[in-house]
$ cat model.csv   # CSV, C-alpha atoms
chain,number,residue,atom,x,y,z
A,254,MET,CA,14.1,54.1,-5.7
A,255,ARG,CA,11.9,53.1,-2.7
A,256,ALA,CA,10.2,56.5,-2.8
A,257,ILE,CA,9.7,56.3,-6.5
A,258,THR,CA,8.4,52.8,-6.4
A,259,GLY,CA,6.0,53.7,-3.6
A,260,LEU,CA,4.6,56.5,-5.6
A,261,ALA,CA,4.3,54.2,-8.7
A,262,SER,CA,2.5,51.4,-6.8
A,263,GLY,CA,-0.8,53.3,-6.8
A,264,GLN,CA,-0.7,54.0,-10.5
A,265,ASN,CA,-2.3,52.0,-13.3
A,266,ARG,CA,0.0,49.0,-13.9
A,267,ALA,CA,-1.5,48.0,-17.2
A,268,THR,CA,0.7,45.6,-19.2
A,269,ILE,CA,2.0,46.4,-22.6
A,270,ASP,CA,3.5,43.3,-24.2
A,271,PRO,CA,6.5,43.9,-26.6
A,272,ARG,CA,6.2,40.5,-28.3
A,273,GLY,CA,5.1,40.7,-31.9
A,274,GLN,CA,5.3,44.5,-32.0
A,275,ASP,CA,7.2,46.5,-34.5
A,276,LEU,CA,9.9,48.0,-32.4
A,277,LYS,CA,11.8,50.8,-34.1
A,278,ARG,CA,13.7,52.3,-31.1
A,279,ILE,CA,15.1,49.9,-28.5
A,280,LEU,CA,17.1,50.7,-25.3
A,281,LEU,CA,19.1,47.9,-23.5
A,282,VAL,CA,20.2,48.7,-20.0
A,283,ARG,CA,22.9,47.0,-17.9
A,284,ALA,CA,23.9,49.4,-15.1
A,285,ASN,CA,26.9,47.6,-13.7
A,286,PHE,CA,30.6,48.6,-13.7
A,287,ARG,CA,32.3,45.2,-13.9
A,288,ILE,CA,33.8,43.7,-17.0
A,289,GLY,CA,32.1,40.3,-16.7
A,290,ASN,CA,28.7,41.8,-16.3
A,291,ALA,CA,29.1,43.9,-19.5
A,292,ILE,CA,30.4,40.9,-21.5
A,293,LEU,CA,27.4,38.8,-20.4
A,294,THR,CA,25.0,41.1,-22.2
A,295,LEU,CA,26.6,40.6,-25.7
A,296,PRO,CA,24.1,37.9,-26.6
A,297,ALA,CA,21.3,40.3,-26.0
A,298,ILE,CA,22.8,42.9,-28.3
A,299,ALA,CA,23.3,40.4,-31.1
A,300,ALA,CA,19.9,38.9,-30.7
A,301,PHE,CA,18.1,42.2,-30.9
A,302,ARG,CA,20.1,43.2,-33.9
A,303,LYS,CA,19.3,39.9,-35.7
A,304,ASN,CA,15.6,40.2,-34.9
A,305,TYR,CA,15.3,44.0,-35.5
A,306,PRO,CA,17.9,44.7,-38.2
A,307,ALA,CA,16.5,48.1,-39.0
A,308,ALA,CA,15.8,49.3,-35.5
A,309,GLN,CA,17.8,51.9,-33.6
A,310,ILE,CA,19.4,50.0,-30.7
A,311,ASP,CA,21.0,52.0,-27.9
A,312,TYR,CA,22.7,50.8,-24.7
A,313,VAL,CA,23.0,52.2,-21.3
A,314,GLY,CA,26.1,50.9,-19.4
A,315,SER,CA,29.4,51.7,-17.8
A,316,ARG,CA,32.6,53.3,-19.1
A,317,ILE,CA,33.9,49.7,-19.4
A,318,SER,CA,31.0,48.6,-21.7
A,319,ARG,CA,31.5,51.8,-23.8
A,320,LEU,CA,35.1,50.7,-24.4
A,321,LEU,CA,34.3,47.0,-25.0
A,322,PHE,CA,31.4,47.6,-27.3
A,323,VAL,CA,33.2,49.8,-29.8
A,324,ASN,CA,32.5,47.4,-32.7
A,325,GLN,CA,29.3,45.9,-31.6
A,326,PRO,CA,26.0,46.5,-33.6
A,327,LEU,CA,24.8,49.4,-31.5
A,328,ASP,CA,23.8,52.9,-32.6
A,329,ARG,CA,24.5,54.8,-29.3
A,330,HIS,CA,26.1,54.0,-26.0
A,331,TYR,CA,25.1,56.1,-23.0
A,332,GLU,CA,27.3,56.0,-19.9
A,333,THR,CA,25.9,55.7,-16.4
A,334,PRO,CA,27.8,58.2,-14.2
A,335,ARG,CA,29.6,56.8,-11.2
A,336,ARG,CA,31.6,59.5,-9.5
A,337,PHE,CA,30.3,61.7,-6.8
A,338,PRO,CA,29.3,64.6,-6.9
A,339,GLN,CA,28.8,64.4,-10.7
A,340,VAL,CA,26.0,61.8,-10.2
A,341,LEU,CA,23.8,64.4,-8.6
A,342,TRP,CA,23.2,66.1,-12.0
A,343,GLN,CA,24.5,63.7,-14.7
A,344,TYR,CA,21.6,61.3,-14.3
A,345,PHE,CA,19.2,64.2,-15.1
A,346,ILE,CA,21.2,64.8,-18.3
A,347,LEU,CA,21.2,61.1,-19.1
A,348,LEU,CA,17.4,60.8,-18.6
A,349,ARG,CA,16.8,63.9,-20.7
A,350,HIS,CA,18.7,62.4,-23.6
A,351,LEU,CA,16.9,59.1,-23.3
A,352,ARG,CA,13.4,60.6,-23.1
A,353,ALA,CA,14.1,62.7,-26.3
A,354,ASN,CA,14.6,59.4,-28.2
A,355,GLN,CA,11.0,58.2,-27.5
A,356,TYR,CA,11.9,54.5,-27.3
A,357,ASP,CA,9.4,51.8,-28.1
A,358,LEU,CA,11.1,49.4,-25.6
A,359,ALA,CA,13.5,49.9,-22.7
A,360,LEU,CA,14.7,46.6,-21.2
A,361,ASP,CA,16.7,45.6,-18.2
A,362,ILE,CA,19.0,42.8,-19.5
A,363,SER,CA,20.7,42.1,-16.2
A,364,CYS,CA,18.1,39.3,-15.5
A,365,SER,CA,18.0,40.5,-11.9
A,366,GLN,CA,16.2,43.1,-9.8
A,367,SER,CA,18.6,46.1,-10.4
A,368,GLY,CA,17.4,49.2,-8.6
A,369,LEU,CA,19.6,51.5,-10.8
A,370,ALA,CA,18.4,49.9,-14.0
A,371,SER,CA,14.8,50.1,-12.9
A,372,PHE,CA,15.3,53.8,-12.2
A,373,ILE,CA,16.8,54.5,-15.6
A,374,ILE,CA,14.2,52.4,-17.5
A,375,GLY,CA,11.2,53.7,-15.4
A,376,LEU,CA,12.1,57.3,-16.1
A,377,SER,CA,13.3,56.8,-19.7
A,378,GLY,CA,9.9,57.7,-21.2
A,379,ALA,CA,9.9,54.4,-23.2
A,380,ARG,CA,6.5,53.2,-24.3
A,381,ILE,CA,7.2,49.7,-23.0
A,382,ARG,CA,9.4,49.5,-19.9
A,383,ALA,CA,10.4,45.9,-19.2
A,384,GLY,CA,12.4,43.8,-16.8
A,385,CYS,CA,12.1,40.9,-14.5
A,386,ALA,CA,9.5,41.0,-11.7
A,387,GLY,CA,10.9,41.8,-8.3
A,388,ASN,CA,11.4,44.4,-5.7
A,389,TRP,CA,12.1,47.2,-8.2
A,390,ASP,CA,9.5,46.6,-10.8
A,391,GLY,CA,7.1,49.4,-9.8
A,392,LEU,CA,8.0,51.5,-12.9
A,393,PHE,CA,7.7,48.7,-15.4
A,394,ASN,CA,4.6,48.1,-17.5
A,395,PHE,CA,5.8,44.7,-18.7
A,396,ARG,CA,7.2,42.2,-16.2
A,397,VAL,CA,8.8,38.9,-17.0
A,398,ASP,CA,7.9,36.3,-14.4
A,399,ARG,CA,10.8,34.9,-12.2
A,400,LEU,CA,13.2,33.1,-14.4
A,401,ARG,CA,13.9,29.4,-13.7
A,402,GLU,CA,17.6,29.4,-14.6
A,403,ALA,CA,20.2,30.3,-12.0
A,404,ASN,CA,23.2,30.4,-14.3
A,405,LYS,CA,23.8,33.9,-15.7
A,406,TYR,CA,24.4,32.7,-19.3
A,407,ARG,CA,21.4,30.5,-19.4
A,408,LYS,CA,19.3,33.0,-17.6
A,409,LEU,CA,19.8,35.6,-20.3
A,410,THR,CA,19.0,33.0,-23.0
A,411,GLU,CA,15.8,32.3,-21.1
A,412,LEU,CA,14.9,36.0,-20.9
A,413,LEU,CA,15.4,36.5,-24.6
A,414,THR,CA,13.5,33.4,-25.5
A,415,VAL,CA,10.6,34.6,-23.3
A,416,LEU,CA,10.6,37.7,-25.4
A,417,ASN,CA,10.2,35.6,-28.6
A,418,LEU,CA,13.7,36.5,-30.0
A,419,GLN,CA,15.1,34.0,-32.4
A,420,SER,CA,18.7,32.9,-33.0
A,421,VAL,CA,19.9,33.6,-29.5
A,422,ASP,CA,23.6,32.7,-28.9
A,423,ALA,CA,24.6,31.3,-25.5
A,424,VAL,CA,27.9,33.2,-25.5
A,425,GLY,CA,28.4,36.6,-27.1
A,426,GLU,CA,31.1,37.5,-29.6
A,427,LEU,CA,33.4,40.5,-29.1
A,428,ASN,CA,34.2,42.1,-32.4
A,429,PHE,CA,37.6,43.6,-33.4
A,430,SER,CA,38.9,45.6,-36.3
A,431,THR,CA,41.7,44.2,-38.4
A,432,ALA,CA,44.1,46.9,-37.0
A,433,GLU,CA,43.2,45.8,-33.4
A,434,LEU,CA,44.0,42.1,-34.1
A,435,SER,CA,47.2,43.1,-35.8
A,436,ALA,CA,48.3,45.2,-32.8
A,437,GLY,CA,47.4,42.4,-30.4
A,438,GLY,CA,49.4,39.9,-32.5
A,439,ASP,CA,52.4,42.3,-32.6
A,440,ALA,CA,52.3,42.9,-28.8
A,441,LEU,CA,52.1,39.1,-28.2
A,442,ALA,CA,55.1,38.5,-30.5
A,443,ARG,CA,57.1,41.2,-28.7
A,444,ALA,CA,56.4,39.5,-25.4
A,445,VAL,CA,57.0,35.9,-26.5
A,446,GLY,CA,59.5,36.3,-29.3
A,447,LYS,CA,59.0,34.0,-32.2
A,448,VAL,CA,55.5,32.7,-31.5
A,449,SER,CA,55.3,29.0,-31.4
A,450,ARG,CA,52.2,26.8,-31.1
A,451,PRO,CA,50.5,25.9,-28.8
A,452,LEU,CA,50.6,29.1,-26.8
A,453,VAL,CA,49.0,29.2,-23.3
A,454,GLY,CA,47.9,32.3,-21.4
A,455,VAL,CA,47.6,32.3,-17.7
A,456,PHE,CA,45.7,35.2,-15.9
A,457,LEU,CA,46.7,35.5,-12.3
A,458,GLY,CA,44.0,37.8,-11.2
A,459,GLY,CA,40.7,37.4,-9.4
A,460,ARG,CA,38.6,39.4,-6.9
A,461,LYS,CA,40.5,38.9,-3.7
A,462,LEU,CA,37.7,40.2,-1.5
A,463,ARG,CA,35.4,37.6,-3.0
A,464,GLY,CA,37.9,34.8,-2.4
A,465,LYS,CA,38.4,34.2,-6.2
A,466,ARG,CA,42.1,34.7,-6.4
A,467,TRP,CA,43.9,31.4,-6.6
A,468,PRO,CA,47.1,31.0,-4.5
A,469,LEU,CA,50.2,32.2,-6.3
A,470,GLU,CA,52.1,29.0,-5.6
A,471,ASN,CA,49.5,27.0,-7.4
A,472,PHE,CA,49.8,29.1,-10.5
A,473,VAL,CA,53.6,28.7,-10.4
A,474,GLU,CA,53.2,25.0,-10.2
A,475,VAL,CA,50.9,24.9,-13.2
A,476,ILE,CA,53.1,27.2,-15.3
A,477,ALA,CA,56.2,25.2,-14.5
A,478,GLY,CA,54.4,22.0,-15.4
A,479,LEU,CA,53.3,23.3,-18.8
A,480,THR,CA,56.8,24.7,-19.5
A,481,GLN,CA,58.3,21.3,-18.7
A,482,LYS,CA,56.0,19.8,-21.3
A,483,GLY,CA,57.3,22.2,-23.9
A,484,PHE,CA,54.4,24.7,-24.1
A,485,ARG,CA,55.1,28.5,-24.2
A,486,VAL,CA,53.3,30.2,-21.4
A,487,VAL,CA,52.4,33.9,-21.2
A,488,THR,CA,51.4,35.1,-17.7
A,489,PHE,CA,49.1,38.1,-17.6
A,490,LEU,CA,48.6,40.5,-14.6
A,491,GLY,CA,45.6,42.8,-14.1
A,492,PRO,CA,45.5,46.2,-12.4
A,493,GLU,CA,44.3,44.6,-9.2
A,494,GLU,CA,47.6,42.6,-9.0
A,495,ALA,CA,49.9,45.6,-9.2
A,496,ASP,CA,50.6,45.4,-5.5
A,497,ILE,CA,52.1,41.9,-5.9
A,498,ALA,CA,53.8,42.2,-9.3
A,499,ALA,CA,57.3,42.1,-7.8
A,500,GLU,CA,56.4,39.0,-5.7
A,501,ILE,CA,55.0,37.3,-8.8
A,502,GLU,CA,58.1,38.0,-10.9
A,503,VAL,CA,60.3,36.5,-8.2
A,504,ALA,CA,58.0,33.5,-7.8
A,505,LEU,CA,57.9,32.7,-11.5
A,506,GLY,CA,61.7,33.0,-11.8
A,507,PRO,CA,64.0,33.9,-14.7
A,508,GLY,CA,62.7,33.3,-18.3
A,509,ALA,CA,59.0,33.7,-17.4
A,510,ILE,CA,57.0,35.8,-19.8
A,511,LEU,CA,55.1,38.4,-17.8
A,512,VAL,CA,52.6,40.8,-19.4
A,513,SER,CA,50.7,43.7,-17.8
A,514,GLU,CA,48.6,45.3,-20.6
A,515,PRO,CA,46.5,48.2,-19.3
A,516,ALA,CA,44.5,48.7,-22.6
A,517,LEU,CA,41.5,46.4,-22.3
A,518,ARG,CA,40.8,45.9,-25.9
A,519,LYS,CA,44.5,45.3,-26.7
A,520,PHE,CA,44.6,42.7,-23.9
A,521,ALA,CA,41.5,41.0,-25.4
A,522,ALA,CA,43.1,41.0,-28.9
A,523,MET,CA,46.2,39.3,-27.4
A,524,VAL,CA,44.1,36.7,-25.6
A,525,LYS,CA,42.1,35.9,-28.8
A,526,GLN,CA,45.3,34.6,-30.4
A,527,LEU,CA,46.1,32.1,-27.7
A,528,ASP,CA,45.4,28.4,-27.8
A,529,LEU,CA,44.3,28.1,-24.2
A,530,PHE,CA,43.5,30.7,-21.5
A,531,ILE,CA,43.7,29.6,-17.8
A,532,CYS,CA,42.1,31.9,-15.3
A,533,CYS,CA,40.0,32.1,-12.1
A,534,ASP,CA,36.3,33.1,-12.1
A,535,SER,CA,36.8,36.7,-13.2
A,536,GLY,CA,36.0,39.4,-15.8
A,537,PRO,CA,38.8,38.2,-18.1
A,538,MET,CA,37.3,34.7,-18.0
A,539,HIS,CA,34.1,36.0,-19.5
A,540,LEU,CA,36.1,38.3,-21.9
A,541,ALA,CA,38.2,35.3,-23.1
A,542,CYS,CA,35.0,33.3,-23.8
A,543,ALA,CA,33.7,36.2,-25.9
A,544,VAL,CA,36.8,36.4,-28.0
A,545,GLY,CA,36.6,32.7,-28.8
A,546,VAL,CA,39.7,31.2,-27.2
A,547,ARG,CA,39.3,28.0,-25.3
A,548,VAL,CA,39.1,28.7,-21.6
A,549,LEU,CA,40.0,26.6,-18.5
A,550,ALA,CA,38.3,28.3,-15.6
A,551,LEU,CA,38.9,27.7,-11.9
A,552,PHE,CA,35.8,28.0,-9.6
A,553,ARG,CA,34.9,27.8,-6.0
A,554,GLN,CA,32.0,25.3,-6.0
A,555,ARG,CA,29.5,27.9,-4.5
A,556,ALA,CA,30.0,30.2,-7.5
A,557,LEU,CA,30.0,27.5,-10.2
A,558,LEU,CA,26.3,27.2,-10.7
A,559,ARG,CA,25.7,30.9,-11.2
A,560,TRP,CA,28.8,32.1,-13.2
A,561,ALA,CA,30.2,29.2,-15.1
A,562,PRO,CA,30.3,29.6,-18.9
A,563,PRO,CA,28.7,26.9,-21.1
A,564,PRO,CA,30.9,23.9,-21.8
A,565,SER,CA,31.1,25.0,-25.5
A,566,ALA,CA,33.2,28.0,-24.3
A,567,ALA,CA,35.0,26.8,-21.2
A,568,ARG,CA,36.0,23.8,-19.2
A,569,THR,CA,35.6,24.4,-15.5
A,570,VAL,CA,37.6,22.9,-12.6
A,571,SER,CA,36.0,23.4,-9.2
A,572,SER,CA,36.2,22.5,-5.5
A,573,ASN,CA,34.6,23.4,-2.3
A,574,GLU,CA,38.1,24.3,-1.1
A,575,THR,CA,41.1,25.5,-3.1
A,576,VAL,CA,41.3,23.7,-6.5
A,577,SER,CA,44.6,21.7,-6.6
A,578,ALA,CA,47.4,22.6,-9.0
A,579,GLY,CA,47.6,19.0,-10.2
A,580,ALA,CA,43.9,18.9,-11.3
A,581,VAL,CA,44.3,22.2,-13.2
A,582,LEU,CA,47.5,21.0,-14.9
A,583,ASN,CA,45.9,17.7,-16.0
A,584,ALA,CA,42.9,19.5,-17.3
A,585,ALA,CA,45.1,21.9,-19.2
A,586,LEU,CA,47.1,19.1,-20.8
A,587,GLU,CA,44.0,17.4,-21.9
A,588,GLU,CA,42.6,20.6,-23.5
A,589,LEU,CA,45.9,21.2,-25.3
A,590,SER,CA,46.0,17.6,-26.5
A,591,CYS,CA,42.5,17.9,-27.9
A,592,GLY,CA,43.5,21.2,-29.6
A,593,VAL,CA,46.7,19.7,-31.1
A,594,ARG,CA,44.7,16.7,-32.5
A,595,ALA,CA,42.0,19.0,-33.9
A,596,GLY,CA,44.7,21.1,-35.6
A,597,ALA,CA,46.3,18.1,-37.1
A,598,GLU,CA,43.0,16.8,-38.5
A,599,ARG,CA,42.3,20.2,-40.1
A,600,SER,CA,45.7,20.2,-41.7
A,601,ALA,CA,45.3,16.7,-43.0
A,602,SER,CA,41.9,17.6,-44.5
A,603,VAL,CA,43.4,20.5,-46.4
$ encode --input "model.csv" --output "structure tokens"
Amino acid sequence: MRAITGLASGQNRATIDPRGQDLKRILLVRANFRIGNAILTLPAIAAFRKNYPAAQIDYVGSRISRLLFVNQPLDRHYETPRRFPQVLWQYFILLRHLRANQYDLALDISCSQSGLASFIIGLSGARIRAGCAGNWDGLFNFRVDRLREANKYRKLTELLTVLNLQSVDAVGELNFSTAELSAGGDALARAVGKVSRPLVGVFLGGRKLRGKRWPLENFVEVIAGLTQKGFRVVTFLGPEEADIAAEIEVALGPGAILVSEPALRKFAAMVKQLDLFICCDSGPMHLACAVGVRVLALFRQRALLRWAPPPSAARTVSSNETVSAGAVLNAALEELSCGVRAGAERSASV
């Protein structure tokens, strides 16, 4: 990318503004391999589809986003290769396909300065190649000035607003088929037995290397407190927790409901049917916000500003050190109390 950007720096950098133009072929690019980063781009997909209903809208992303976006309003999903040595030739194949589509607009929706996204957009052959100004903008012919927002949710909203898109949602919505929702409900019923309300899900995962995984003893205390209050609690494990699964089972004790669902969309369909989802700052946190369940998210203070979902989607509990189990339990009980009252009001109105 440094070599390509250096060669591009001497070229004519005339700006072509996409705003107000009739865009018939649009390419959205988010070249990242994490669940949360894919989920965060859902508002961009929805906004472009609302504003350009007849356009061909394609997406370049990871294998994760290909799986997650099965029912999203996209025409094609192209996958960025990740494995070596396949990357040595698969990017040439990807770029050949993109250039054949003759896009009117190719846009980096990461709201950052992504070298890989800039490479894909710059060589896509699109008439308008757009992204945020930064170190890797040499191949763009439309640059969005540095965005003011630091939070990832608000930053994407700001980017889409700068592009004059209307009806931008702060949080995206992950779409499911009827069959998927039914399968998720059946899986949840098999785990819990006769499903009673309210039903709380707790996800024990988090990126350990980034210090996002909450101590197991704190989770155990919160789960025990909710159970003592009469709530049914389902504990979810992710693939990164496989190495401590036996330890978790022992710590939770007999009678605990422990679920490890490897199919991502099935896991999401299960989460959608909960009344509250408690989790650390993680991919499943963003996933839960996108399926519409109320989320209680645990944050280290330094990550809160950048990654916290809007209050409409999640309540956050944060601390400079480790968040206390008592604070999380109290917040969960408050959220559940609000949910019970709202449910009773809806029933009374019917």
$ residues_around --input "model.csv" --residues "Arg466 in chain A" --least-positions-apart "4" --cutoff "12 Å" --atoms "only C-alpha atoms" --output "MDAnalysis selection string"
chainID A and resid 456:462 470:472 490:491 493:494 532:535 550:553 575:576
$ write_last_selection --input "model.csv" --atoms "C-alpha atoms" --output "PDB file, in the coordinates of the input"
ATOM      1  CA  PHE A 456      45.700  35.200 -15.900  1.00  0.00           C
ATOM      2  CA  LEU A 457      46.700  35.500 -12.300  1.00  0.00           C
ATOM      3  CA  GLY A 458      44.000  37.800 -11.200  1.00  0.00           C
ATOM      4  CA  GLY A 459      40.700  37.400  -9.400  1.00  0.00           C
ATOM      5  CA  ARG A 460      38.600  39.400  -6.900  1.00  0.00           C
ATOM      6  CA  LYS A 461      40.500  38.900  -3.700  1.00  0.00           C
ATOM      7  CA  LEU A 462      37.700  40.200  -1.500  1.00  0.00           C
ATOM      8  CA  GLU A 470      52.100  29.000  -5.600  1.00  0.00           C
ATOM      9  CA  ASN A 471      49.500  27.000  -7.400  1.00  0.00           C
ATOM     10  CA  PHE A 472      49.800  29.100 -10.500  1.00  0.00           C
ATOM     11  CA  LEU A 490      48.600  40.500 -14.600  1.00  0.00           C
ATOM     12  CA  GLY A 491      45.600  42.800 -14.100  1.00  0.00           C
ATOM     13  CA  GLU A 493      44.300  44.600  -9.200  1.00  0.00           C
ATOM     14  CA  GLU A 494      47.600  42.600  -9.000  1.00  0.00           C
ATOM     15  CA  CYS A 532      42.100  31.900 -15.300  1.00  0.00           C
ATOM     16  CA  CYS A 533      40.000  32.100 -12.100  1.00  0.00           C
ATOM     17  CA  ASP A 534      36.300  33.100 -12.100  1.00  0.00           C
ATOM     18  CA  SER A 535      36.800  36.700 -13.200  1.00  0.00           C
ATOM     19  CA  ALA A 550      38.300  28.300 -15.600  1.00  0.00           C
ATOM     20  CA  LEU A 551      38.900  27.700 -11.900  1.00  0.00           C
ATOM     21  CA  PHE A 552      35.800  28.000  -9.600  1.00  0.00           C
ATOM     22  CA  ARG A 553      34.900  27.800  -6.000  1.00  0.00           C
ATOM     23  CA  THR A 575      41.100  25.500  -3.100  1.00  0.00           C
ATOM     24  CA  VAL A 576      41.300  23.700  -6.500  1.00  0.00           C
TER      25      VAL A 576
END
$ closest_residue --input "model.csv" --among "A:Gly391, A:Pro468, A:Gly273, A:Pro296" --to "Lys405 in chain A" --atoms "all atoms listed in the file"
A:Pro296
$ residues_around --input "model.csv" --residues "Leu281 in chain A" --least-positions-apart "2" --cutoff "7 Å" --atoms "only C-alpha atoms" --output "ChimeraX atom specification"
/A:279,283,311-313,359-362
$ residues_around --input "model.csv" --residues "Ala561 in chain A" --least-positions-apart "2" --cutoff "10 Å" --atoms "all atoms listed in the file" --output "list in words"
Asn404, Lys405, Tyr406, Arg407, Asp534, Met538, His539, Ala550, Leu551, Phe552, Ala556, Leu557, Leu558, Arg559, Pro563, Pro564, Ala566, Ala567, Arg568 and Thr569 of chain A
$ closest_atom_pairs --input "model.csv" --of "range 393-461 of chain A" --to "range 364-378 of chain A" --cutoff "12 Å" --atoms "only C-alpha atoms" --output "CSV"
residue,atom,partner,partner_atom,distance
A:Phe393,CA,A:Gly375,CA,6.1
A:Asn394,CA,A:Gly375,CA,8.9
A:Phe395,CA,A:Gly375,CA,11.0
A:Arg396,CA,A:Gln366,CA,11.1
A:Val397,CA,A:Cys364,CA,9.4
A:Asp398,CA,A:Cys364,CA,10.7
A:Arg399,CA,A:Ser365,CA,9.1
A:Leu400,CA,A:Cys364,CA,8.0
A:Arg401,CA,A:Cys364,CA,10.9
A:Glu402,CA,A:Cys364,CA,10.0
A:Ala403,CA,A:Cys364,CA,9.9
A:Asn404,CA,A:Cys364,CA,10.3
A:Lys405,CA,A:Cys364,CA,7.9
A:Tyr406,CA,A:Cys364,CA,9.9
A:Arg407,CA,A:Cys364,CA,10.2
A:Lys408,CA,A:Cys364,CA,6.7
A:Leu409,CA,A:Cys364,CA,6.3
A:Thr410,CA,A:Cys364,CA,9.8
A:Glu411,CA,A:Cys364,CA,9.3
A:Leu412,CA,A:Cys364,CA,7.1
A:Leu413,CA,A:Cys364,CA,9.9
A:Val415,CA,A:Cys364,CA,11.8
$ write_last_selection --input "model.csv" --atoms "C-alpha atoms" --output "short mmCIF file (atom, residue, chain, number, x, y, z; two decimals), in the coordinates of the input"
data_model
loop_
_atom_site.label_atom_id
_atom_site.label_comp_id
_atom_site.auth_asym_id
_atom_site.auth_seq_id
_atom_site.Cartn_x
_atom_site.Cartn_y
_atom_site.Cartn_z
CA PHE A 393 7.70 48.70 -15.40
CA ASN A 394 4.60 48.10 -17.50
CA PHE A 395 5.80 44.70 -18.70
CA ARG A 396 7.20 42.20 -16.20
CA VAL A 397 8.80 38.90 -17.00
CA ASP A 398 7.90 36.30 -14.40
CA ARG A 399 10.80 34.90 -12.20
CA LEU A 400 13.20 33.10 -14.40
CA ARG A 401 13.90 29.40 -13.70
CA GLU A 402 17.60 29.40 -14.60
CA ALA A 403 20.20 30.30 -12.00
CA ASN A 404 23.20 30.40 -14.30
CA LYS A 405 23.80 33.90 -15.70
CA TYR A 406 24.40 32.70 -19.30
CA ARG A 407 21.40 30.50 -19.40
CA LYS A 408 19.30 33.00 -17.60
CA LEU A 409 19.80 35.60 -20.30
CA THR A 410 19.00 33.00 -23.00
CA GLU A 411 15.80 32.30 -21.10
CA LEU A 412 14.90 36.00 -20.90
CA LEU A 413 15.40 36.50 -24.60
CA VAL A 415 10.60 34.60 -23.30
#
$ residues_around --input "model.csv" --residues "range 510-514 of chain A" --least-positions-apart "6" --cutoff "6 Å" --atoms "all atoms listed in the file" --output "PyMOL selection string"
chain A and resi 487-490+520
$ residues_near_point --input "model.csv" --point "(24.5, 49.1, -15.6)" --cutoff "6 Å" --atoms "only C-alpha atoms" --output "CSV table (one decimal) with C-alpha atoms, in the coordinates of the input"
chain,number,residue,atom,x,y,z
A,283,ARG,CA,22.9,47.0,-17.9
A,284,ALA,CA,23.9,49.4,-15.1
A,285,ASN,CA,26.9,47.6,-13.7
A,314,GLY,CA,26.1,50.9,-19.4
A,315,SER,CA,29.4,51.7,-17.8
$ atom_distance --input "model.csv" --atom1 "CA of Lys525 in chain A" --atom2 "CA of Leu589 in chain A"
15.6 Å
